[in-house]
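Listing of query_4.txt; format and content: compact mmCIF, C-alpha atoms.
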# COMPACT_ATOMS: atom_id res chain seq x y z
CA MET A 10 7.19 -28.84 -19.88
CA GLY A 11 7.59 -29.37 -23.58
CA PRO A 12 7.19 -27.20 -26.65
CA GLU A 13 3.58 -26.36 -25.76
CA ILE A 14 4.76 -24.27 -22.82
CA GLY A 15 8.26 -23.40 -24.03
CA GLY A 16 7.06 -21.95 -27.36
CA PRO A 17 4.80 -19.26 -25.89
CA ILE A 18 7.38 -18.43 -23.23
CA GLY A 19 10.03 -18.04 -25.95
CA VAL A 20 7.77 -15.76 -27.99
CA VAL A 21 7.06 -13.56 -24.97
CA PHE A 22 10.77 -13.54 -24.06
CA SER A 23 11.74 -12.51 -27.61
CA PHE A 24 9.09 -9.78 -27.65
CA ALA A 25 10.30 -8.51 -24.25
CA ASN A 26 13.90 -8.40 -25.49
CA ALA A 27 12.82 -6.47 -28.59
CA LEU A 28 11.00 -3.91 -26.44
CA ALA A 29 13.95 -3.67 -24.05
CA SER A 30 16.23 -2.96 -27.00
CA VAL A 31 13.94 -0.18 -28.17
CA LEU A 32 13.85 1.39 -24.71
CA ASN A 33 17.65 1.25 -24.46
CA ILE A 34 18.05 2.83 -27.90
CA VAL A 35 15.61 5.63 -27.08
CA GLY A 36 17.47 6.32 -23.83
CA PHE A 37 20.79 6.36 -25.70
CA ALA A 38 19.39 8.70 -28.37
CA GLU A 39 18.03 11.11 -25.74
CA VAL A 40 21.38 11.28 -23.95
CA ILE A 41 23.28 11.88 -27.21
CA SER A 42 20.75 14.55 -28.20
CA GLN A 43 21.21 16.31 -24.84
CA LEU A 44 24.99 16.16 -25.22
CA LEU A 45 24.69 17.69 -28.68
CA GLN A 46 22.53 20.50 -27.25
CA GLU A 47 25.10 21.20 -24.53
CA PHE A 48 27.68 21.84 -27.24
CA ASN A 49 25.19 23.89 -29.33
CA VAL A 50 25.06 21.26 -32.08
CA VAL A 51 21.56 20.80 -33.47
CA MET A 52 20.85 18.64 -36.51
CA VAL A 53 17.22 19.69 -37.05
CA ASP A 54 15.52 20.36 -33.72
CA PRO A 55 15.76 18.65 -30.31
CA THR A 56 12.82 16.29 -30.91
CA ASN A 57 13.93 15.19 -34.34
CA ASP A 58 17.55 14.92 -33.22
CA VAL A 59 16.48 12.09 -30.87
CA ARG A 60 14.75 10.37 -33.78
CA ILE A 61 17.73 10.79 -36.09
CA VAL A 62 20.20 9.43 -33.53
CA GLY A 63 17.83 6.54 -32.82
CA VAL A 64 17.51 5.62 -36.49
CA ILE A 65 21.29 5.79 -36.95
CA THR A 66 21.80 3.58 -33.89
CA VAL A 67 19.21 1.00 -34.98
CA THR A 68 20.72 0.91 -38.47
CA ALA A 69 24.23 0.41 -37.07
CA ILE A 70 23.04 -2.41 -34.81
CA LEU A 71 21.14 -4.00 -37.71
CA LEU A 72 24.26 -3.94 -39.89
CA ILE A 73 26.31 -5.54 -37.11
CA ILE A 74 23.71 -8.27 -36.68
CA LEU A 75 23.45 -8.89 -40.42
CA ALA A 76 27.25 -9.22 -40.62
CA GLY A 77 27.03 -12.33 -38.46
CA MET A 78 27.73 -13.69 -35.01
CA THR A 79 31.48 -13.07 -35.35
CA TRP A 80 30.92 -9.33 -35.66
CA VAL A 81 28.42 -9.36 -32.82
CA MET A 82 30.99 -10.99 -30.51
CA LYS A 83 33.70 -8.53 -31.64
CA THR A 84 31.50 -5.50 -31.01
CA GLN A 85 30.51 -6.84 -27.60
CA MET A 86 34.13 -6.46 -26.55
CA VAL A 87 34.11 -2.84 -27.74
CA PHE A 88 30.86 -2.16 -25.86
CA PHE A 89 32.31 -3.86 -22.77
CA LEU A 90 35.37 -1.60 -22.94
CA ALA A 91 33.11 1.45 -23.25
CA LEU A 92 31.13 0.32 -20.19
CA MET A 93 34.30 -0.17 -18.16
CA ILE A 94 35.48 3.34 -19.07
CA ALA A 95 32.05 4.71 -18.08
CA PHE A 96 32.14 2.86 -14.73
CA SER A 97 35.67 4.12 -14.05
CA SER A 98 34.57 7.66 -14.87
CA TYR A 99 31.63 7.30 -12.49
CA ILE A 100 33.82 6.06 -9.64
CA VAL A 101 36.37 8.83 -10.12
CA GLY A 102 33.54 11.40 -10.38
CA THR A 103 32.00 10.28 -7.10
CA ILE A 104 35.30 10.47 -5.24
CA ILE A 105 36.02 14.05 -6.36
CA SER A 106 34.19 16.41 -4.02
CA PRO A 107 31.56 18.59 -5.73
CA SER A 108 32.02 22.30 -6.26
CA ILE A 109 30.00 24.97 -4.43
CA GLU A 110 27.88 25.39 -7.56
CA LYS A 111 26.93 21.70 -7.57
CA GLN A 112 26.24 21.75 -3.85
CA SER A 113 23.82 24.62 -4.42
CA ILE A 114 21.68 22.34 -6.62
CA GLY A 115 21.77 19.41 -4.19
CA ILE A 116 24.83 17.38 -5.21
CA PHE A 117 26.85 16.74 -2.05
CA GLY A 118 29.03 13.71 -2.76
CA TYR A 119 29.66 11.19 0.01
CA ARG A 120 28.25 12.26 3.37
CA GLY A 121 27.38 10.03 6.30
CA ASP A 122 24.16 11.84 7.26
CA ILE A 123 22.79 11.54 3.71
CA PHE A 124 23.76 7.85 3.63
CA VAL A 125 21.85 7.14 6.85
CA GLN A 126 18.86 9.14 5.58
CA ASN A 127 18.79 7.06 2.37
CA LEU A 128 18.72 3.72 4.22
CA THR A 129 14.96 3.96 4.70
CA PRO A 130 12.36 4.59 1.99
CA ASP A 131 10.87 8.04 1.60
CA TRP A 132 7.94 7.71 -0.81
CA ARG A 133 6.82 11.03 -2.21
CA GLY A 134 3.11 11.82 -2.57
CA ASP A 135 0.05 9.66 -2.03
CA GLN A 136 0.76 7.36 -4.96
CA GLY A 137 4.39 6.55 -4.10
CA ASN A 138 5.04 2.97 -3.04
CA PHE A 139 7.44 0.06 -3.50
CA PHE A 140 5.57 -1.44 -6.46
CA GLN A 141 5.73 1.75 -8.51
CA MET A 142 9.47 1.99 -7.91
CA PHE A 143 9.82 -1.70 -8.82
CA ALA A 144 7.90 -1.14 -12.06
CA LEU A 145 10.15 1.79 -12.86
CA PHE A 146 13.47 -0.01 -12.35
CA PHE A 147 12.57 -3.58 -13.37
CA PRO A 148 12.79 -3.02 -17.15
CA SER A 149 16.26 -1.53 -16.82
CA VAL A 150 17.71 -4.67 -15.26
CA THR A 151 15.91 -7.42 -17.19
CA CYS A 152 18.46 -7.21 -19.98
CA ILE A 153 20.81 -9.20 -17.78
CA THR A 154 19.00 -12.27 -19.15
CA ALA A 155 19.98 -11.33 -22.68
CA GLY A 156 23.18 -13.34 -22.24
CA ALA A 157 21.05 -16.46 -22.18
CA ASN A 158 20.28 -15.88 -25.84
CA ILE A 159 23.83 -16.71 -26.85
CA SER A 160 24.31 -19.55 -24.35
CA GLY A 161 23.84 -22.05 -27.20
CA ASP A 162 27.01 -20.71 -28.81
CA LEU A 163 29.18 -21.59 -25.82
CA LYS A 164 31.47 -24.58 -26.21
CA VAL A 165 31.42 -27.36 -23.64
Could I get this structure in the form of structure tokens?
Amino acid sequence: MGPEIGGPIGVVFSFANALASVLNIVGFAEVISQLLQEFNVVMVDPTNDVRIVGVITVTAILLIILAGMTWVMKTQMVFFLALMIAFSSYIVGTIISPSIEKQSIGIFGYRGDIFVQNLTPDWRGDQGNFFQMFALFFPSVTCITAGANISGDLKV
């Protein structure tokens, strides 16, 4: 298609990746802020704690990027290890049966009747439909294409 088509697509792709990074950082900062609140650790106030954690995260990522591609590849291994630990924790947590307290708030673990009930959609309210759910979850999985950005660094 040539540079006439590829250029605008690349600009949109880069802009989308930048926005996806921001959304991921905000989500990370909110989770860290909530964890801090659970342990009664407050830097300033809950709203500004999210901002502070976000700025620290963006600065750390910027420093890694400015250090060069070697550091980016090294930190990817660290992030991969952290993800594997998180996945392992999730799997172990789903196998352990929930306590009575958790069951009282609707956490039941693995149950066949709930599994069968979840096989079909159950849209809530008048506005609930497939396209709204798709719009909600689509941005969280589009980062899988981020690996294409470093495909030029692969050796043949």
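Rounded to one decimal, atom CA of A:Val64 and atom CA of A:Ser23 lie 21.0 Å from each other.
Between A:Ile41 and the candidates A:Ile18, A:Ile114, A:Ala27, A:Ile65, the tightest atom-to-atom separation, counting only C-alpha atoms, involves A:Ile65.
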Distance query A:Thr84 at most 10 Å, all atoms listed in the file, self and fewer than 6 positions along chain excluded, as a list in words:
Ile70, Ile73, Met78 and Leu90 of chain A
File of the preceding selection, C-alpha atoms, as a PDB file, in the frame of the given file:
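The resulting selection_24.pdb:
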ATOM      1  CA  ILE A  70      23.040  -2.410 -34.810  1.00  0.00           C
ATOM      2  CA  ILE A  73      26.310  -5.540 -37.110  1.00  0.00           C
ATOM      3  CA  MET A  78      27.730 -13.690 -35.010  1.00  0.00           C
ATOM      4  CA  LEU A  90      35.370  -1.600 -22.940  1.00  0.00           C
TER       5      LEU A  90
END
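Of note, atom CA of A:Ile34 and atom CA of A:Thr66 are spaced 7.1 Å apart.
Of note, atom CA of A:Thr103 and atom CA of A:Ile116 are spaced 10.3 Å apart.
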My structure is short of atoms at stretch 77-103 of chain A; please model N, CA, C and O atoms there, returning them as a compact mmCIF listing (two decimals), in the frame of the given file.
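Saved to selection.txt:
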# COMPACT_ATOMS: atom_id res chain seq x y z
N GLY A 77 26.85 -10.99 -39.01
CA GLY A 77 27.03 -12.33 -38.46
C GLY A 77 27.45 -12.32 -37.00
O GLY A 77 27.78 -11.28 -36.42
N MET A 78 27.45 -13.52 -36.43
CA MET A 78 27.73 -13.69 -35.01
C MET A 78 29.17 -13.29 -34.67
O MET A 78 29.44 -12.82 -33.56
N THR A 79 30.09 -13.46 -35.61
CA THR A 79 31.48 -13.07 -35.35
C THR A 79 31.58 -11.58 -35.07
O THR A 79 32.26 -11.16 -34.12
N TRP A 80 30.90 -10.78 -35.86
CA TRP A 80 30.92 -9.33 -35.66
C TRP A 80 30.20 -8.94 -34.38
O TRP A 80 30.60 -7.99 -33.70
N VAL A 81 29.14 -9.66 -34.06
CA VAL A 81 28.42 -9.36 -32.82
C VAL A 81 29.34 -9.59 -31.62
O VAL A 81 29.41 -8.76 -30.71
N MET A 82 30.08 -10.70 -31.63
CA MET A 82 30.99 -10.99 -30.51
C MET A 82 32.13 -9.97 -30.46
O MET A 82 32.56 -9.58 -29.37
N LYS A 83 32.63 -9.53 -31.62
CA LYS A 83 33.70 -8.53 -31.64
C LYS A 83 33.21 -7.19 -31.10
O LYS A 83 33.91 -6.51 -30.35
N THR A 84 32.01 -6.79 -31.49
CA THR A 84 31.50 -5.50 -31.01
C THR A 84 31.12 -5.55 -29.53
O THR A 84 31.15 -4.52 -28.86
N GLN A 85 30.79 -6.74 -29.03
CA GLN A 85 30.51 -6.84 -27.60
C GLN A 85 31.74 -6.48 -26.78
O GLN A 85 31.61 -5.88 -25.71
N MET A 86 32.91 -6.83 -27.27
CA MET A 86 34.13 -6.46 -26.55
C MET A 86 34.33 -4.95 -26.55
O MET A 86 34.77 -4.37 -25.56
N VAL A 87 34.00 -4.30 -27.66
CA VAL A 87 34.11 -2.84 -27.74
C VAL A 87 33.12 -2.19 -26.78
O VAL A 87 33.46 -1.25 -26.05
N PHE A 88 31.88 -2.70 -26.77
CA PHE A 88 30.86 -2.16 -25.86
C PHE A 88 31.26 -2.40 -24.40
O PHE A 88 31.04 -1.56 -23.54
N PHE A 89 31.85 -3.57 -24.13
CA PHE A 89 32.31 -3.86 -22.77
C PHE A 89 33.39 -2.87 -22.34
O PHE A 89 33.37 -2.36 -21.21
N LEU A 90 34.32 -2.57 -23.23
CA LEU A 90 35.37 -1.60 -22.94
C LEU A 90 34.76 -0.22 -22.67
O LEU A 90 35.17 0.47 -21.72
N ALA A 91 33.78 0.17 -23.46
CA ALA A 91 33.11 1.45 -23.25
C ALA A 91 32.41 1.49 -21.89
O ALA A 91 32.45 2.51 -21.18
N LEU A 92 31.78 0.38 -21.50
CA LEU A 92 31.13 0.32 -20.19
C LEU A 92 32.15 0.42 -19.06
O LEU A 92 31.90 1.09 -18.04
N MET A 93 33.28 -0.24 -19.21
CA MET A 93 34.30 -0.17 -18.16
C MET A 93 34.86 1.25 -18.02
O MET A 93 35.10 1.71 -16.91
N ILE A 94 35.03 1.94 -19.13
CA ILE A 94 35.48 3.34 -19.07
C ILE A 94 34.42 4.20 -18.38
O ILE A 94 34.73 5.06 -17.56
N ALA A 95 33.13 3.95 -18.71
CA ALA A 95 32.05 4.71 -18.08
C ALA A 95 31.99 4.44 -16.58
O ALA A 95 31.82 5.38 -15.78
N PHE A 96 32.14 3.18 -16.16
CA PHE A 96 32.14 2.86 -14.73
C PHE A 96 33.32 3.52 -14.03
O PHE A 96 33.18 4.04 -12.92
N SER A 97 34.48 3.48 -14.65
CA SER A 97 35.67 4.12 -14.05
C SER A 97 35.44 5.62 -13.91
O SER A 97 35.79 6.21 -12.88
N SER A 98 34.86 6.23 -14.93
CA SER A 98 34.57 7.66 -14.87
C SER A 98 33.59 7.97 -13.74
O SER A 98 33.74 8.97 -13.03
N TYR A 99 32.60 7.11 -13.57
CA TYR A 99 31.63 7.30 -12.49
C TYR A 99 32.31 7.24 -11.13
O TYR A 99 32.08 8.09 -10.26
N ILE A 100 33.15 6.23 -10.94
CA ILE A 100 33.82 6.06 -9.64
C ILE A 100 34.71 7.26 -9.34
O ILE A 100 34.70 7.81 -8.24
N VAL A 101 35.50 7.67 -10.31
CA VAL A 101 36.37 8.83 -10.12
C VAL A 101 35.52 10.08 -9.84
O VAL A 101 35.85 10.89 -8.97
N GLY A 102 34.41 10.23 -10.56
CA GLY A 102 33.54 11.40 -10.38
C GLY A 102 32.88 11.44 -9.02
O GLY A 102 32.62 12.52 -8.48
N THR A 103 32.62 10.27 -8.43
CA THR A 103 32.00 10.28 -7.10
C THR A 103 33.02 10.55 -6.00
O THR A 103 32.65 11.04 -4.94
